[in-house]
>>> print(open('final.cif').read())   # mmCIF, C-alpha atoms, pLDDT in the B column; chains and numbers go by the auth columns
data_data
#
loop_
_atom_site.group_PDB
_atom_site.id
_atom_site.type_symbol
_atom_site.label_atom_id
_atom_site.label_comp_id
_atom_site.label_asym_id
_atom_site.label_seq_id
_atom_site.Cartn_x
_atom_site.Cartn_y
_atom_site.Cartn_z
_atom_site.B_iso_or_equiv
_atom_site.auth_seq_id
_atom_site.auth_asym_id
ATOM 1 C CA MET A 1 -37.829 17.164 26.398 81.00 14 U
ATOM 2 C CA ASN A 2 -40.469 14.420 26.598 93.00 15 U
ATOM 3 C CA VAL A 3 -39.887 10.661 26.796 93.00 16 U
ATOM 4 C CA SER A 4 -40.417 10.175 23.028 93.00 17 U
ATOM 5 C CA ASP A 5 -37.681 12.737 22.329 93.00 18 U
ATOM 6 C CA ILE A 6 -35.357 10.986 24.771 95.00 19 U
ATOM 7 C CA ILE A 7 -35.964 7.564 23.207 95.00 20 U
ATOM 8 C CA GLU A 8 -35.457 9.018 19.710 94.00 21 U
ATOM 9 C CA ARG A 9 -32.177 10.679 20.757 94.00 22 U
ATOM 10 C CA PHE A 10 -30.999 7.430 22.383 95.00 23 U
ATOM 11 C CA LEU A 11 -31.682 5.448 19.197 94.00 24 U
ATOM 12 C CA LEU A 12 -30.074 8.068 16.949 92.00 25 U
ATOM 13 C CA ASP A 13 -26.981 8.103 19.175 93.00 26 U
ATOM 14 C CA ALA A 14 -26.880 4.294 18.994 92.00 27 U
ATOM 15 C CA PHE A 15 -26.261 4.510 15.250 89.00 28 U
ATOM 16 C CA GLY A 16 -22.852 6.135 15.592 87.00 29 U
ATOM 17 C CA ASN A 17 -21.303 5.566 12.162 85.00 30 U
ATOM 18 C CA GLU A 18 -23.217 2.342 11.556 86.00 31 U
ATOM 19 C CA PRO A 19 -26.067 2.025 9.032 85.00 32 U
ATOM 20 C CA THR A 20 -28.232 -0.112 11.344 89.00 33 U
ATOM 21 C CA VAL A 21 -29.274 -0.422 14.974 92.00 34 U
ATOM 22 C CA ASN A 22 -30.629 -3.659 16.478 91.00 35 U
ATOM 23 C CA PHE A 23 -32.481 -3.840 19.771 91.00 36 U
ATOM 24 C CA ASN A 24 -35.184 -5.677 21.667 91.00 37 U
ATOM 25 C CA ARG A 25 -38.406 -3.667 22.051 90.00 38 U
ATOM 26 C CA ASN A 26 -39.253 -5.052 25.521 90.00 39 U
ATOM 27 C CA GLU A 27 -35.740 -4.469 26.843 92.00 40 U
ATOM 28 C CA LEU A 28 -35.744 -0.905 25.524 93.00 41 U
ATOM 29 C CA ALA A 29 -39.175 -0.304 27.051 93.00 42 U
ATOM 30 C CA ALA A 30 -37.926 -1.640 30.408 94.00 43 U
ATOM 31 C CA TYR A 31 -34.799 0.544 30.199 94.00 44 U
ATOM 32 C CA PHE A 32 -36.944 3.669 29.790 95.00 45 U
ATOM 33 C CA ALA A 33 -39.700 2.392 32.122 95.00 46 U
ATOM 34 C CA VAL A 34 -42.375 2.760 29.435 95.00 47 U
ATOM 35 C CA ALA A 35 -44.843 0.412 27.772 93.00 48 U
ATOM 36 C CA PRO A 36 -43.644 -1.318 24.579 90.00 49 U
ATOM 37 C CA SER A 37 -46.356 0.639 22.758 91.00 50 U
ATOM 38 C CA GLN A 38 -44.361 3.817 23.523 93.00 51 U
ATOM 39 C CA ILE A 39 -41.417 2.315 21.645 92.00 52 U
ATOM 40 C CA ASN A 40 -43.769 1.473 18.760 91.00 53 U
ATOM 41 C CA TYR A 41 -45.006 5.067 18.771 93.00 54 U
ATOM 42 C CA VAL A 42 -41.465 6.459 18.544 94.00 55 U
ATOM 43 C CA LEU A 43 -40.585 4.048 15.740 92.00 56 U
ATOM 44 C CA GLY A 44 -43.776 4.795 13.825 89.00 57 U
ATOM 45 C CA THR A 45 -43.470 8.563 14.048 89.00 58 U
ATOM 46 C CA ARG A 46 -39.745 9.314 14.232 89.00 59 U
ATOM 47 C CA PHE A 47 -38.121 6.564 12.142 88.00 60 U
ATOM 48 C CA THR A 48 -40.148 6.707 8.930 83.00 61 U
ATOM 49 C CA PRO A 49 -39.014 6.411 5.312 76.00 62 U
ATOM 50 C CA GLU A 50 -39.750 10.118 4.930 74.00 63 U
ATOM 51 C CA ARG A 51 -37.145 10.751 7.587 79.00 64 U
ATOM 52 C CA GLY A 52 -34.689 8.317 6.030 77.00 65 U
ATOM 53 C CA PHE A 53 -35.280 5.093 7.953 82.00 66 U
ATOM 54 C CA VAL A 54 -36.673 1.618 7.380 82.00 67 U
ATOM 55 C CA ILE A 55 -37.856 -0.558 10.259 86.00 68 U
ATOM 56 C CA GLU A 56 -37.637 -4.352 10.240 84.00 69 U
ATOM 57 C CA SER A 57 -39.167 -6.307 13.096 80.00 70 U
ATOM 58 C CA ARG A 58 -39.462 -9.944 14.078 71.00 71 U
ATOM 59 C CA ARG A 59 -42.297 -11.306 16.149 67.00 72 U
ATOM 60 C CA GLY A 60 -41.557 -13.261 19.265 62.00 73 U
ATOM 61 C CA GLY A 61 -38.641 -13.027 21.636 57.00 74 U
ATOM 62 C CA GLY A 62 -39.808 -9.665 22.972 58.00 75 U
ATOM 63 C CA GLY A 63 -39.807 -7.873 19.654 67.00 76 U
ATOM 64 C CA SER A 64 -36.461 -7.821 17.906 85.00 77 U
ATOM 65 C CA ILE A 65 -36.199 -4.564 15.931 89.00 78 U
ATOM 66 C CA LYS A 66 -33.725 -3.378 13.320 89.00 79 U
ATOM 67 C CA ILE A 67 -33.635 0.266 12.200 90.00 80 U
ATOM 68 C CA ILE A 68 -31.872 0.848 8.906 85.00 81 U
ATOM 69 C CA ARG A 69 -30.722 4.320 7.897 82.00 82 U
ATOM 70 C CA ILE A 70 -31.260 4.894 4.189 73.00 83 U
ATOM 71 C CA SER A 71 -27.980 6.302 2.919 64.00 84 U
ATOM 72 C CA GLY A 72 -27.596 9.420 0.787 56.00 85 U
ATOM 73 C CA ALA A 73 -26.576 7.228 -2.143 51.00 86 U
ATOM 74 C CA ASP A 74 -30.161 6.012 -2.240 60.00 87 U
ATOM 75 C CA THR A 75 -31.601 9.535 -2.538 66.00 88 U
ATOM 76 C CA ASP A 76 -32.596 9.174 -6.200 73.00 89 U
ATOM 77 C CA ASP A 77 -34.356 5.879 -5.471 73.00 90 U
ATOM 78 C CA VAL A 78 -36.157 7.402 -2.505 69.00 91 U
ATOM 79 C CA LEU A 79 -37.194 10.414 -4.605 74.00 92 U
ATOM 80 C CA MET A 80 -38.594 8.091 -7.272 76.00 93 U
ATOM 81 C CA ARG A 81 -40.497 6.072 -4.676 72.00 94 U
ATOM 82 C CA TYR A 82 -42.059 9.230 -3.249 71.00 95 U
ATOM 83 C CA ILE A 83 -42.978 10.377 -6.743 74.00 96 U
ATOM 84 C CA GLU A 84 -44.496 7.060 -7.801 73.00 97 U
ATOM 85 C CA GLU A 85 -46.305 6.062 -4.620 65.00 98 U
ATOM 86 C CA THR A 86 -46.852 8.647 -1.931 64.00 99 U
ATOM 87 C CA LEU A 87 -47.438 11.732 -4.015 70.00 100 U
ATOM 88 C CA THR A 88 -49.838 10.221 -6.529 70.00 101 U
ATOM 89 C CA ASP A 89 -52.596 9.898 -3.914 77.00 102 U
ATOM 90 C CA GLY A 90 -51.809 13.160 -2.147 85.00 103 U
ATOM 91 C CA ILE A 91 -49.848 13.881 0.998 89.00 104 U
ATOM 92 C CA GLU A 92 -50.343 15.568 4.360 90.00 105 U
ATOM 93 C CA PHE A 93 -48.336 18.704 5.080 93.00 106 U
ATOM 94 C CA THR A 94 -46.460 17.041 7.971 91.00 107 U
ATOM 95 C CA LYS A 95 -45.270 14.124 5.818 87.00 108 U
ATOM 96 C CA ALA A 96 -44.319 16.498 3.001 91.00 109 U
ATOM 97 C CA CYS A 97 -42.206 18.486 5.468 93.00 110 U
ATOM 98 C CA GLN A 98 -40.493 15.281 6.636 87.00 111 U
ATOM 99 C CA ILE A 99 -39.527 14.515 3.030 87.00 112 U
ATOM 100 C CA ILE A 100 -38.225 18.039 2.484 91.00 113 U
ATOM 101 C CA ASP A 101 -36.316 18.014 5.792 90.00 114 U
ATOM 102 C CA ARG A 102 -34.693 14.720 4.912 84.00 115 U
ATOM 103 C CA LEU A 103 -33.581 16.047 1.535 87.00 116 U
ATOM 104 C CA CYS A 104 -32.281 19.169 3.239 89.00 117 U
ATOM 105 C CA ASP A 105 -30.292 16.998 5.684 84.00 118 U
ATOM 106 C CA GLU A 106 -28.790 15.221 2.668 81.00 119 U
ATOM 107 C CA ASP A 107 -27.841 18.581 1.109 86.00 120 U
ATOM 108 C CA VAL A 108 -30.237 18.149 -1.802 87.00 121 U
ATOM 109 C CA TYR A 109 -31.884 21.437 -0.741 92.00 122 U
ATOM 110 C CA THR A 110 -30.541 24.383 1.217 95.00 123 U
ATOM 111 C CA GLU A 111 -32.432 25.575 4.294 96.00 124 U
ATOM 112 C CA THR A 112 -33.770 28.494 2.240 97.00 125 U
ATOM 113 C CA GLU A 113 -34.969 26.246 -0.582 96.00 126 U
ATOM 114 C CA ALA A 114 -36.618 23.904 1.912 96.00 127 U
ATOM 115 C CA SER A 115 -38.420 26.822 3.580 97.00 128 U
ATOM 116 C CA LEU A 116 -39.662 28.109 0.231 97.00 129 U
ATOM 117 C CA ILE A 117 -40.979 24.693 -0.805 96.00 130 U
ATOM 118 C CA LYS A 118 -42.744 24.291 2.544 97.00 131 U
ATOM 119 C CA ALA A 119 -44.301 27.751 2.208 97.00 132 U
ATOM 120 C CA ALA A 120 -45.660 26.831 -1.222 96.00 133 U
ATOM 121 C CA ILE A 121 -47.442 23.714 0.035 95.00 134 U
ATOM 122 C CA THR A 122 -49.018 24.948 3.277 96.00 135 U
ATOM 123 C CA ASP A 123 -52.779 24.710 3.650 94.00 136 U
ATOM 124 C CA LYS A 124 -52.882 28.508 3.658 94.00 137 U
ATOM 125 C CA ALA A 125 -51.118 28.704 0.275 95.00 138 U
ATOM 126 C CA LEU A 126 -53.317 26.067 -1.343 95.00 139 U
ATOM 127 C CA LEU A 127 -56.534 27.802 -2.324 92.00 140 U
ATOM 128 C CA ALA A 128 -58.616 24.696 -2.789 90.00 141 U
ATOM 129 C CA PRO A 129 -61.288 22.761 -0.912 91.00 142 U
ATOM 130 C CA THR A 130 -59.875 20.913 2.087 87.00 143 U
ATOM 131 C CA VAL A 131 -60.499 17.512 0.494 86.00 144 U
ATOM 132 C CA ALA A 132 -58.369 18.487 -2.518 91.00 145 U
ATOM 133 C CA LYS A 133 -55.420 20.024 -0.666 93.00 146 U
ATOM 134 C CA GLY A 134 -53.549 16.736 -0.138 91.00 147 U
ATOM 135 C CA ARG A 135 -53.704 15.863 -3.825 91.00 148 U
ATOM 136 C CA LEU A 136 -52.741 19.396 -4.859 93.00 149 U
ATOM 137 C CA ARG A 137 -49.854 19.375 -2.358 93.00 150 U
ATOM 138 C CA GLY A 138 -48.751 15.980 -3.697 90.00 151 U
ATOM 139 C CA SER A 139 -48.861 17.264 -7.260 90.00 152 U
ATOM 140 C CA ILE A 140 -46.766 20.320 -6.411 92.00 153 U
ATOM 141 C CA LEU A 141 -44.237 18.311 -4.423 91.00 154 U
ATOM 142 C CA LYS A 142 -44.069 15.723 -7.205 87.00 155 U
ATOM 143 C CA SER A 143 -43.203 18.478 -9.703 89.00 156 U
ATOM 144 C CA VAL A 144 -40.521 19.852 -7.366 91.00 157 U
ATOM 145 C CA LEU A 145 -38.973 16.406 -6.856 87.00 158 U
ATOM 146 C CA LEU A 146 -39.026 15.633 -10.582 85.00 159 U
ATOM 147 C CA GLU A 147 -37.285 18.934 -11.279 87.00 160 U
ATOM 148 C CA THR A 148 -34.758 18.127 -8.549 85.00 161 U
ATOM 149 C CA LEU A 149 -33.983 14.779 -10.219 80.00 162 U
ATOM 150 C CA LYS A 150 -33.677 16.520 -13.591 80.00 163 U
ATOM 151 C CA GLN A 151 -31.296 19.129 -12.167 80.00 164 U
ATOM 152 C CA LYS A 152 -29.189 16.448 -10.459 73.00 165 U
ATOM 153 C CA SER A 153 -29.044 14.559 -13.747 67.00 166 U
ATOM 154 C CA ASP A 154 -28.050 17.690 -15.668 69.00 167 U
ATOM 155 C CA ASP A 155 -25.359 18.496 -13.090 72.00 168 U
ATOM 156 C CA ALA A 156 -23.955 14.955 -13.360 65.00 169 U
ATOM 157 C CA THR A 157 -23.612 15.187 -17.140 65.00 170 U
ATOM 158 C CA GLU A 158 -21.775 18.520 -17.126 65.00 171 U
#
>>> encode(input="final.cif", output="structure tokens")
Amino acid sequence: MNVSDIIERFLLDAFGNEPTVNFNRNELAAYFAVAPSQINYVLGTRFTPERGFVIESRRGGGGSIKIIRISGADTDDVLMRYIEETLTDGIEFTKACQIIDRLCDEDVYTETEASLIKAAITDKALLAPTVAKGRLRGSILKSVLLETLKQKSDDATE
């Protein structure tokens, strides 16, 4: 386990049952004996909207940070945001997997469904020029998410 994994685990454990975690970037960096940029790296790669988090930070005072966990109740809103913003311009495979993993964690998809979706959007599966793969992947994922919203809506009305 590397230092980024340890910092991520520490922050996830800090949530407990709370929806937010507040901390000071410099104090956390000192605690782990790393540069504050290491904390920024963990926040920027491990606590993303695709993984179900929003980061709020304040300048000054050593970098006050608040991590907010986006609750499952917001899943439809998050799906719509992905559909409207991220997927329109294309998406990298890694980010697409983060979205799918998050939805799997929230029981929107089963592990099997998540694996099948990921298999359908790999670079190997997308027979297109490299420059077009992100847009094609975004289009496919957008269709899957729209169908997911439709199915959730249909299930709610039954």
>>> closest_residue(input="final.cif", among="U:Glu31, U:Asp89, U:Asp118, U:Asp136", to="U:Lys165", atoms="all atoms listed in the file")
U:Asp89
>>> atom_distance(input="final.cif", atom1="atom CA of U:Ser70", atom2="atom CA of U:Arg82")
14.5 Å
>>> residues_around(input="final.cif", residues="U:Phe66", least_positions_apart="4", cutoff="12 Å", atoms="all atoms listed in the file", output="ChimeraX atom specification")
/U:24-25,28,32-34,56-62,79-85,87-88,91,111-112,115
>>> resolve_selection(input="final.cif", expression="the PyMOL selection byres ((chain U and resi 16-21) around 8)", output="list in words")
Met14, Asn15, Arg22, Phe23, Leu24, Leu25, Phe45, Gln51, Ile52, Val55 and Arg59 of chain U
>>> write_last_selection(input="final.cif", atoms="C-alpha atoms", output="mmCIF file, in the coordinates of the input")
data_model
loop_
_atom_site.group_PDB
_atom_site.id
_atom_site.type_symbol
_atom_site.label_atom_id
_atom_site.label_comp_id
_atom_site.auth_asym_id
_atom_site.auth_seq_id
_atom_site.Cartn_x
_atom_site.Cartn_y
_atom_site.Cartn_z
ATOM 1 C CA MET U 14 -37.829 17.164 26.398
ATOM 2 C CA ASN U 15 -40.469 14.420 26.598
ATOM 3 C CA ARG U 22 -32.177 10.679 20.757
ATOM 4 C CA PHE U 23 -30.999 7.430 22.383
ATOM 5 C CA LEU U 24 -31.682 5.448 19.197
ATOM 6 C CA LEU U 25 -30.074 8.068 16.949
ATOM 7 C CA PHE U 45 -36.944 3.669 29.790
ATOM 8 C CA GLN U 51 -44.361 3.817 23.523
ATOM 9 C CA ILE U 52 -41.417 2.315 21.645
ATOM 10 C CA VAL U 55 -41.465 6.459 18.544
ATOM 11 C CA ARG U 59 -39.745 9.314 14.232
#
>>> resolve_selection(input="final.cif", expression="the PyMOL selection byres ((chain U and resi 135) around 12)", output="list in words")
Ile104, Glu105, Phe106, Thr107, Lys108, Ala109, Cys110, Ser128, Leu129, Ile130, Lys131, Ala132, Ala133, Ile134, Asp136, Lys137, Ala138, Leu139, Leu140, Ala141, Thr143, Lys146, Gly147, Leu149, Arg150, Gly151, Ile153 and Leu154 of chain U
>>> atom_distance(input="final.cif", atom1="atom CA of U:Ser152", atom2="atom CA of U:Thr123")
21.4 Å
>>> atom_distance(input="final.cif", atom1="atom CA of U:Glu63", atom2="atom CA of U:Val47")
25.7 Å
>>> residues_around(input="final.cif", residues="U:Thr161", least_positions_apart="6", cutoff="12 Å", atoms="all atoms listed in the file", output="VMD selection string")
chain U and resid 88 to 89 92 to 93 96 113 116 120 to 122 126 130 154 to 155 167 to 168
